[in-house]
$ cat protein_10.cif   # mmCIF, C-alpha atoms and all ligand atoms
data_input
#
loop_
_atom_site.group_PDB
_atom_site.id
_atom_site.type_symbol
_atom_site.label_atom_id
_atom_site.label_comp_id
_atom_site.auth_asym_id
_atom_site.auth_seq_id
_atom_site.Cartn_x
_atom_site.Cartn_y
_atom_site.Cartn_z
ATOM 1 C CA MET A 7 3.187 -26.019 12.150
ATOM 2 C CA SER A 8 4.683 -22.824 10.769
ATOM 3 C CA ASP A 9 3.749 -19.233 11.515
ATOM 4 C CA TYR A 10 4.398 -18.315 7.915
ATOM 5 C CA VAL A 11 2.043 -20.996 6.609
ATOM 6 C CA LYS A 12 -0.510 -19.748 9.108
ATOM 7 C CA TRP A 13 -0.083 -16.217 7.785
ATOM 8 C CA ILE A 14 -0.580 -17.501 4.223
ATOM 9 C CA GLN A 15 -3.724 -19.348 5.293
ATOM 10 C CA GLU A 16 -5.071 -16.192 6.944
ATOM 11 C CA GLN A 17 -4.507 -14.156 3.799
ATOM 12 C CA LEU A 18 -6.129 -16.786 1.585
ATOM 13 C CA GLN A 19 -9.118 -17.094 3.861
ATOM 14 C CA ALA A 20 -9.624 -13.313 3.966
ATOM 15 C CA LEU A 21 -9.488 -13.289 0.177
ATOM 16 C CA GLY A 22 -12.267 -15.846 -0.063
ATOM 17 C CA TYR A 23 -10.194 -18.967 -0.748
ATOM 18 C CA ASP A 24 -10.516 -22.152 1.251
ATOM 19 C CA PRO A 25 -7.140 -23.150 2.697
ATOM 20 C CA GLY A 26 -8.786 -25.530 5.212
ATOM 21 C CA PRO A 27 -8.187 -24.954 8.918
ATOM 22 C CA VAL A 28 -5.856 -22.053 9.738
ATOM 23 C CA ASP A 29 -3.407 -24.244 11.600
ATOM 24 C CA GLY A 30 -0.019 -23.508 10.070
ATOM 25 C CA VAL A 31 0.112 -26.888 8.371
ATOM 26 C CA ASN A 32 0.529 -26.867 4.592
ATOM 27 C CA GLY A 33 -1.983 -29.587 3.780
ATOM 28 C CA GLU A 34 -3.806 -30.505 0.609
ATOM 29 C CA LYS A 35 -6.410 -27.738 0.890
ATOM 30 C CA THR A 36 -3.843 -25.054 1.553
ATOM 31 C CA ASP A 37 -1.814 -26.244 -1.402
ATOM 32 C CA ALA A 38 -4.906 -26.183 -3.628
ATOM 33 C CA ALA A 39 -5.851 -22.692 -2.408
ATOM 34 C CA ILE A 40 -2.339 -21.365 -3.101
ATOM 35 C CA ARG A 41 -2.457 -22.843 -6.609
ATOM 36 C CA LEU A 42 -5.891 -21.367 -7.292
ATOM 37 C CA PHE A 43 -4.742 -17.962 -6.053
ATOM 38 C CA GLN A 44 -1.674 -18.198 -8.312
ATOM 39 C CA LYS A 45 -3.784 -19.193 -11.300
ATOM 40 C CA GLU A 46 -6.214 -16.318 -10.777
ATOM 41 C CA ASN A 47 -3.384 -13.840 -10.384
ATOM 42 C CA ASP A 48 -1.373 -14.866 -13.447
ATOM 43 C CA LEU A 49 1.457 -16.289 -11.371
ATOM 44 C CA ALA A 50 3.414 -19.469 -11.997
ATOM 45 C CA VAL A 51 1.233 -22.225 -10.505
ATOM 46 C CA ASP A 52 3.631 -24.213 -8.319
ATOM 47 C CA GLY A 53 1.986 -24.149 -4.891
ATOM 48 C CA GLN A 54 5.059 -22.383 -3.480
ATOM 49 C CA VAL A 55 4.813 -18.983 -1.887
ATOM 50 C CA GLY A 56 7.919 -17.277 -3.263
ATOM 51 C CA GLU A 57 8.587 -13.580 -3.538
ATOM 52 C CA LEU A 58 6.008 -12.905 -6.285
ATOM 53 C CA THR A 59 3.173 -14.826 -4.678
ATOM 54 C CA HIS A 60 3.984 -13.247 -1.318
ATOM 55 C CA SER A 61 3.769 -9.751 -2.857
ATOM 56 C CA ALA A 62 0.563 -10.618 -4.685
ATOM 57 C CA LEU A 63 -1.028 -11.783 -1.424
ATOM 58 C CA ILE A 64 -0.136 -8.526 0.319
ATOM 59 C CA GLN A 65 -1.398 -6.449 -2.598
ATOM 60 C CA ALA A 66 -4.641 -8.399 -2.845
ATOM 61 C CA ARG A 67 -5.208 -7.945 0.881
ATOM 62 C CA SER A 68 -4.559 -4.206 0.716
ATOM 63 C CA MET A 69 -7.310 -3.839 -1.883
ATOM 64 C CA ILE A 70 -9.916 -6.086 -0.295
ATOM 65 C CA ASP A 71 -11.569 -3.654 2.097
ATOM 66 C CA LEU A 72 -11.917 -0.915 -0.471
ATOM 67 C CA LYS A 73 -15.292 0.343 -1.486
ATOM 68 C CA MET A 74 -16.083 1.655 -4.930
ATOM 69 C CA ASP A 75 -19.021 3.766 -6.020
ATOM 70 C CA GLN A 76 -21.146 2.779 -8.997
ATOM 71 C CA ASP A 77 -18.708 4.371 -11.425
ATOM 72 C CA GLY A 78 -15.868 2.302 -10.014
ATOM 73 C CA LYS A 79 -14.326 5.219 -8.140
ATOM 74 C CA LEU A 80 -12.671 4.527 -4.838
ATOM 75 C CA LEU A 81 -14.581 5.725 -1.796
ATOM 76 C CA LEU A 82 -12.437 6.787 1.143
ATOM 77 C CA LYS A 83 -13.739 7.583 4.606
ATOM 78 C CA ASN A 84 -11.473 10.513 5.364
ATOM 79 C CA PHE A 85 -10.313 11.866 2.020
ATOM 80 C CA THR A 86 -11.892 13.564 -0.925
ATOM 81 C CA GLU A 87 -10.820 12.981 -4.500
ATOM 82 C CA ASP A 88 -9.242 16.433 -4.903
ATOM 83 C CA GLU A 89 -6.772 15.814 -2.097
ATOM 84 C CA PHE A 90 -4.771 13.512 -4.365
ATOM 85 C CA THR A 91 -5.240 14.967 -7.846
ATOM 86 C CA CYS A 92 -2.714 17.317 -9.448
ATOM 87 C CA GLU A 93 -3.005 20.828 -8.043
ATOM 88 C CA CYS A 94 -3.201 22.481 -11.492
ATOM 89 C CA GLY A 95 -6.588 20.902 -12.131
ATOM 90 C CA CYS A 96 -5.446 18.697 -15.026
ATOM 91 C CA GLY A 97 -7.121 15.713 -13.388
ATOM 92 C CA LEU A 98 -4.045 13.498 -12.968
ATOM 93 C CA ASP A 99 -4.800 11.236 -10.010
ATOM 94 C CA VAL A 100 -2.977 8.996 -7.550
ATOM 95 C CA CYS A 101 -3.457 5.235 -7.956
ATOM 96 C CA ASP A 102 -6.035 3.471 -5.785
ATOM 97 C CA ARG A 103 -3.481 1.372 -3.991
ATOM 98 C CA LEU A 104 -1.730 4.425 -2.554
ATOM 99 C CA LYS A 105 -4.980 6.147 -1.700
ATOM 100 C CA ALA A 106 -5.980 3.037 0.194
ATOM 101 C CA PHE A 107 -2.647 3.179 1.999
ATOM 102 C CA ALA A 108 -3.288 6.828 2.974
ATOM 103 C CA GLN A 109 -6.596 5.743 4.471
ATOM 104 C CA ARG A 110 -4.831 2.895 6.257
ATOM 105 C CA LEU A 111 -2.367 5.374 7.829
ATOM 106 C CA ARG A 112 -5.271 7.603 8.834
ATOM 107 C CA ASP A 113 -7.016 4.652 10.482
ATOM 108 C CA GLN A 114 -3.950 3.248 12.198
ATOM 109 C CA PHE A 115 -2.700 6.494 13.700
ATOM 110 C CA GLY A 116 -6.088 8.093 14.271
ATOM 111 C CA TRP A 117 -4.952 11.586 13.304
ATOM 112 C CA PRO A 118 -5.975 13.710 10.316
ATOM 113 C CA LEU A 119 -3.478 13.151 7.508
ATOM 114 C CA VAL A 120 -2.579 16.014 5.189
ATOM 115 C CA ILE A 121 -1.632 15.082 1.621
ATOM 116 C CA SER A 122 0.937 17.755 0.857
ATOM 117 C CA SER A 123 1.605 16.534 -2.678
ATOM 118 C CA GLY A 124 -0.224 13.959 -4.759
ATOM 119 C CA ALA A 125 -0.143 13.433 -8.513
ATOM 120 C CA ARG A 126 1.882 15.995 -10.497
ATOM 121 C CA CYS A 127 1.820 16.611 -14.212
ATOM 122 C CA PRO A 128 5.211 17.615 -15.731
ATOM 123 C CA THR A 129 4.493 21.354 -15.359
ATOM 124 C CA VAL A 130 3.628 21.097 -11.693
ATOM 125 C CA ASN A 131 6.439 18.629 -11.001
ATOM 126 C CA ALA A 132 8.991 21.019 -12.493
ATOM 127 C CA ALA A 133 7.502 23.973 -10.608
ATOM 128 C CA VAL A 134 7.860 22.233 -7.233
ATOM 129 C CA GLY A 135 11.363 20.996 -8.048
ATOM 130 C CA GLY A 136 10.471 17.307 -8.353
ATOM 131 C CA VAL A 137 13.044 14.962 -9.902
ATOM 132 C CA PRO A 138 12.426 14.327 -13.648
ATOM 133 C CA ASP A 139 11.562 10.641 -13.121
ATOM 134 C CA SER A 140 9.441 11.284 -10.039
ATOM 135 C CA CYS A 141 6.764 8.698 -9.235
ATOM 136 C CA HIS A 142 4.432 11.662 -8.665
ATOM 137 C CA LEU A 143 4.338 12.095 -12.470
ATOM 138 C CA THR A 144 2.461 8.840 -12.921
ATOM 139 C CA GLY A 145 0.302 9.130 -9.833
ATOM 140 C CA GLN A 146 2.422 6.509 -8.099
ATOM 141 C CA ALA A 147 3.465 8.653 -5.147
ATOM 142 C CA PHE A 148 2.176 11.036 -2.527
ATOM 143 C CA ASP A 149 3.693 13.073 0.297
ATOM 144 C CA CYS A 150 1.962 13.511 3.615
ATOM 145 C CA TYR A 151 2.222 14.453 7.280
ATOM 146 C CA PHE A 152 0.209 14.389 10.473
ATOM 147 C CA PRO A 153 0.013 18.059 11.559
ATOM 148 C CA GLY A 154 1.680 18.574 14.920
ATOM 149 C CA GLN A 155 2.494 14.882 15.339
ATOM 150 C CA MET A 156 5.537 14.321 13.172
ATOM 151 C CA ASN A 157 8.704 13.203 14.909
ATOM 152 C CA GLU A 158 11.295 10.541 14.353
ATOM 153 C CA ALA A 159 9.344 7.795 16.105
ATOM 154 C CA VAL A 160 6.123 8.481 14.212
ATOM 155 C CA MET A 161 7.962 8.632 10.913
ATOM 156 C CA ALA A 162 9.664 5.333 11.679
ATOM 157 C CA GLN A 163 6.282 3.744 12.390
ATOM 158 C CA MET A 164 4.866 5.132 9.157
ATOM 159 C CA ALA A 165 7.847 3.739 7.253
ATOM 160 C CA ASP A 166 7.516 0.307 8.874
ATOM 161 C CA ASP A 167 3.864 0.183 7.981
ATOM 162 C CA ALA A 168 4.623 1.080 4.368
ATOM 163 C CA ILE A 169 7.239 -1.645 4.152
ATOM 164 C CA SER A 170 4.787 -4.192 5.552
ATOM 165 C CA GLN A 171 2.504 -3.260 2.639
ATOM 166 C CA GLU A 172 5.326 -3.379 0.085
ATOM 167 C CA ILE A 173 5.095 0.347 -0.468
ATOM 168 C CA GLY A 174 8.267 2.377 -0.909
ATOM 169 C CA VAL A 175 9.005 5.189 1.508
ATOM 170 C CA ILE A 176 11.385 8.119 1.709
ATOM 171 C CA ARG A 177 11.489 9.990 4.977
ATOM 172 C CA TYR A 178 12.243 13.693 5.111
ATOM 173 C CA PRO A 179 13.175 14.195 8.778
ATOM 174 C CA ASN A 180 14.024 17.884 8.376
ATOM 175 C CA GLN A 181 10.827 18.865 6.626
ATOM 176 C CA LEU A 182 8.839 16.368 8.719
ATOM 177 C CA PHE A 183 6.982 14.569 5.972
ATOM 178 C CA CYS A 184 7.051 11.156 4.306
ATOM 179 C CA HIS A 185 6.949 10.290 0.625
ATOM 180 C CA PHE A 186 5.297 6.996 -0.315
ATOM 181 C CA GLN A 187 5.438 5.328 -3.690
ATOM 182 C CA VAL A 188 4.713 2.203 -5.670
ATOM 183 C CA PRO A 189 6.484 0.219 -6.883
ATOM 184 C CA PRO A 190 8.971 0.344 -4.041
ATOM 185 C CA ARG A 191 11.782 0.107 -6.650
ATOM 186 C CA ASN A 192 14.764 -2.008 -5.765
ATOM 187 C CA GLN A 193 15.352 -0.639 -2.367
ATOM 188 C CA ILE A 194 13.448 1.225 0.166
ATOM 189 C CA ILE A 195 15.114 4.366 1.334
ATOM 190 C CA TYR A 196 14.664 5.099 4.985
HETATM 191 ZN ZN ZN A 201 -1.505 19.035 -13.545
HETATM 192 ZN ZN ZN A 202 7.070 12.766 -2.950
#

$ encode --input "protein_10.cif" --output "structure tokens"
Amino acid sequence: MSDYVKWIQEQLQALGYDPGPVDGVNGEKTDAAIRLFQKENDLAVDGQVGELTHSALIQARSMIDLKMDQDGKLLLKNFTEDEFTCECGCGLDVCDRLKAFAQRLRDQFGWPLVISSGARCPTVNAAVGGVPDSCHLTGQAFDCYFPGQMNEAVMAQMADDAISQEIGVIRYPNQLFCHFQVPPRNQIIY
């Protein structure tokens, strides 16, 4: 019995696969479910949960509770579309995975979350002094804070949660906001 196998079984079950009983034992059904998940996610089908399969499981789970409207647009409980799009009105938007993460933060902490910077086209990115290869340029980053709640402990919790979701984080302790991005790049900067 292994806690990690149990975790894998939980993820597979939540995703609609049948790993058999969630008992931490890597039996035939669990093996088959892992292989099916790998096949459906264009991963090497070897029944082993290595780094890539592990990441794919986390990503699949982070998307599962999302609701889309009939046009395939993401519906979020506490955010409107324009909170993430580029401020100049060009329409550049943040990717669904990060929007879902913003909603997750909102739910977990229970406080209103202000998106201080979302997607940025080159003009806007230059105007706000963003780095030239900023993830904001492709809608793969956003900055945010909980008004009146930001301190070191809260920022550490936000960072830990991002890391658990394989989302990159940069903390700005002086300005009291966090930057989140996908992909997390090679290292996550605390
Ligand atoms: Zn723009
Ligand atoms: Zn940022």

$ residues_near_ligand --input "protein_10.cif" --ligand "ligand ZN 201 (chain A)" --cutoff "10 Å" --atoms "all atoms listed in the file" --output "list in words"
Thr91, Cys92, Glu93, Cys94, Gly95, Cys96, Gly97, Leu98, Asp99, Ala125, Arg126, Cys127, Pro128, Thr129, Val130, Asn131 and Leu143 of chain A

$ atom_distance --input "protein_10.cif" --atom1 "atom CA of Leu18 of chain A" --atom2 "atom CA of Lys73 of chain A"
19.7 Å

$ resolve_selection --input "protein_10.cif" --expression "the PyMOL selection byres (((chain A and resi 185) around 8) and not hetatm)" --output "ChimeraX atom specification"
/A:147-150,175-178,183-184,186-187

$ residues_around --input "protein_10.cif" --residues "segment 50-55 of chain A" --least-positions-apart "3" --cutoff "8 Å" --atoms "all atoms listed in the file" --output "compact mmCIF listing (two decimals) with C-alpha atoms, in the frame of the given file"
# COMPACT_ATOMS: atom_id res chain seq x y z
CA ASP A 37 -1.81 -26.24 -1.40
CA ALA A 38 -4.91 -26.18 -3.63
CA ILE A 40 -2.34 -21.36 -3.10
CA ARG A 41 -2.46 -22.84 -6.61
CA LEU A 42 -5.89 -21.37 -7.29
CA GLN A 44 -1.67 -18.20 -8.31
CA LYS A 45 -3.78 -19.19 -11.30
CA LEU A 58 6.01 -12.90 -6.28
CA THR A 59 3.17 -14.83 -4.68
CA HIS A 60 3.98 -13.25 -1.32

$ closest_residue --input "protein_10.cif" --among "A:Glu16, A:Glu34, A:Asp88, A:Phe107" --to "Met69 of chain A" --atoms "only C-alpha atoms"
A:Phe107

$ atom_distance --input "protein_10.cif" --atom1 "atom CA of Pro179 of chain A" --atom2 "atom CA of Arg103 of chain A"
24.6 Å

$ atom_distance --input "protein_10.cif" --atom1 "atom CA of Asp77 of chain A" --atom2 "atom CA of Asp102 of chain A"
13.9 Å

$ closest_residue --input "protein_10.cif" --among "A:Gln17, A:Asn84, A:Ser8, A:Ser140" --to "ligand ZN 202 (chain A)" --atoms "all atoms listed in the file"
A:Ser140

$ residues_near_point --input "protein_10.cif" --point "(-4.3, -5.4, 5.9)" --cutoff "10 Å" --atoms "all atoms listed in the file" --output "list in words"
Gln17, Ala20, Ile64, Gln65, Ala66, Arg67, Ser68, Met69, Ile70, Asp71, Phe107, Arg110, Ser170 and Gln171 of chain A

$ residues_around --input "protein_10.cif" --residues "Thr36 of chain A" --least-positions-apart "5" --cutoff "10 Å" --atoms "all atoms listed in the file" --output "PyMOL selection string"
chain A and resi 11-12+14-15+18-19+23-28+30-31+41-42+53

$ closest_residue --input "protein_10.cif" --among "A:Leu82, A:Glu89, A:Gln163, A:Ala133" --to "Ala106 of chain A" --atoms "all atoms listed in the file"
A:Leu82

$ closest_residue --input "protein_10.cif" --among "A:Ala165, A:Leu182, A:Cys141, A:Val160" --to "ligand ZN 202 (chain A)" --atoms "all atoms listed in the file"
A:Cys141

$ closest_residue --input "protein_10.cif" --among "A:Thr144, A:Pro153, A:Val137, A:Glu46" --to "Gly116 of chain A" --atoms "only C-alpha atoms"
A:Pro153

$ closest_residue --input "protein_10.cif" --among "A:Gly33, A:Glu172, A:Gln109, A:Leu104" --to "Gln146 of chain A" --atoms "only C-alpha atoms"
A:Leu104

$ axis_aligned_box --input "protein_10.cif" --around "segment 148-162 of chain A" --padding-each-side "5 Å" --output "lines of an AutoDock Vina configuration file"
center_x = 5.7
center_y = 12.0
center_z = 6.8
size_x = 21.3
size_y = 23.2
size_z = 28.6
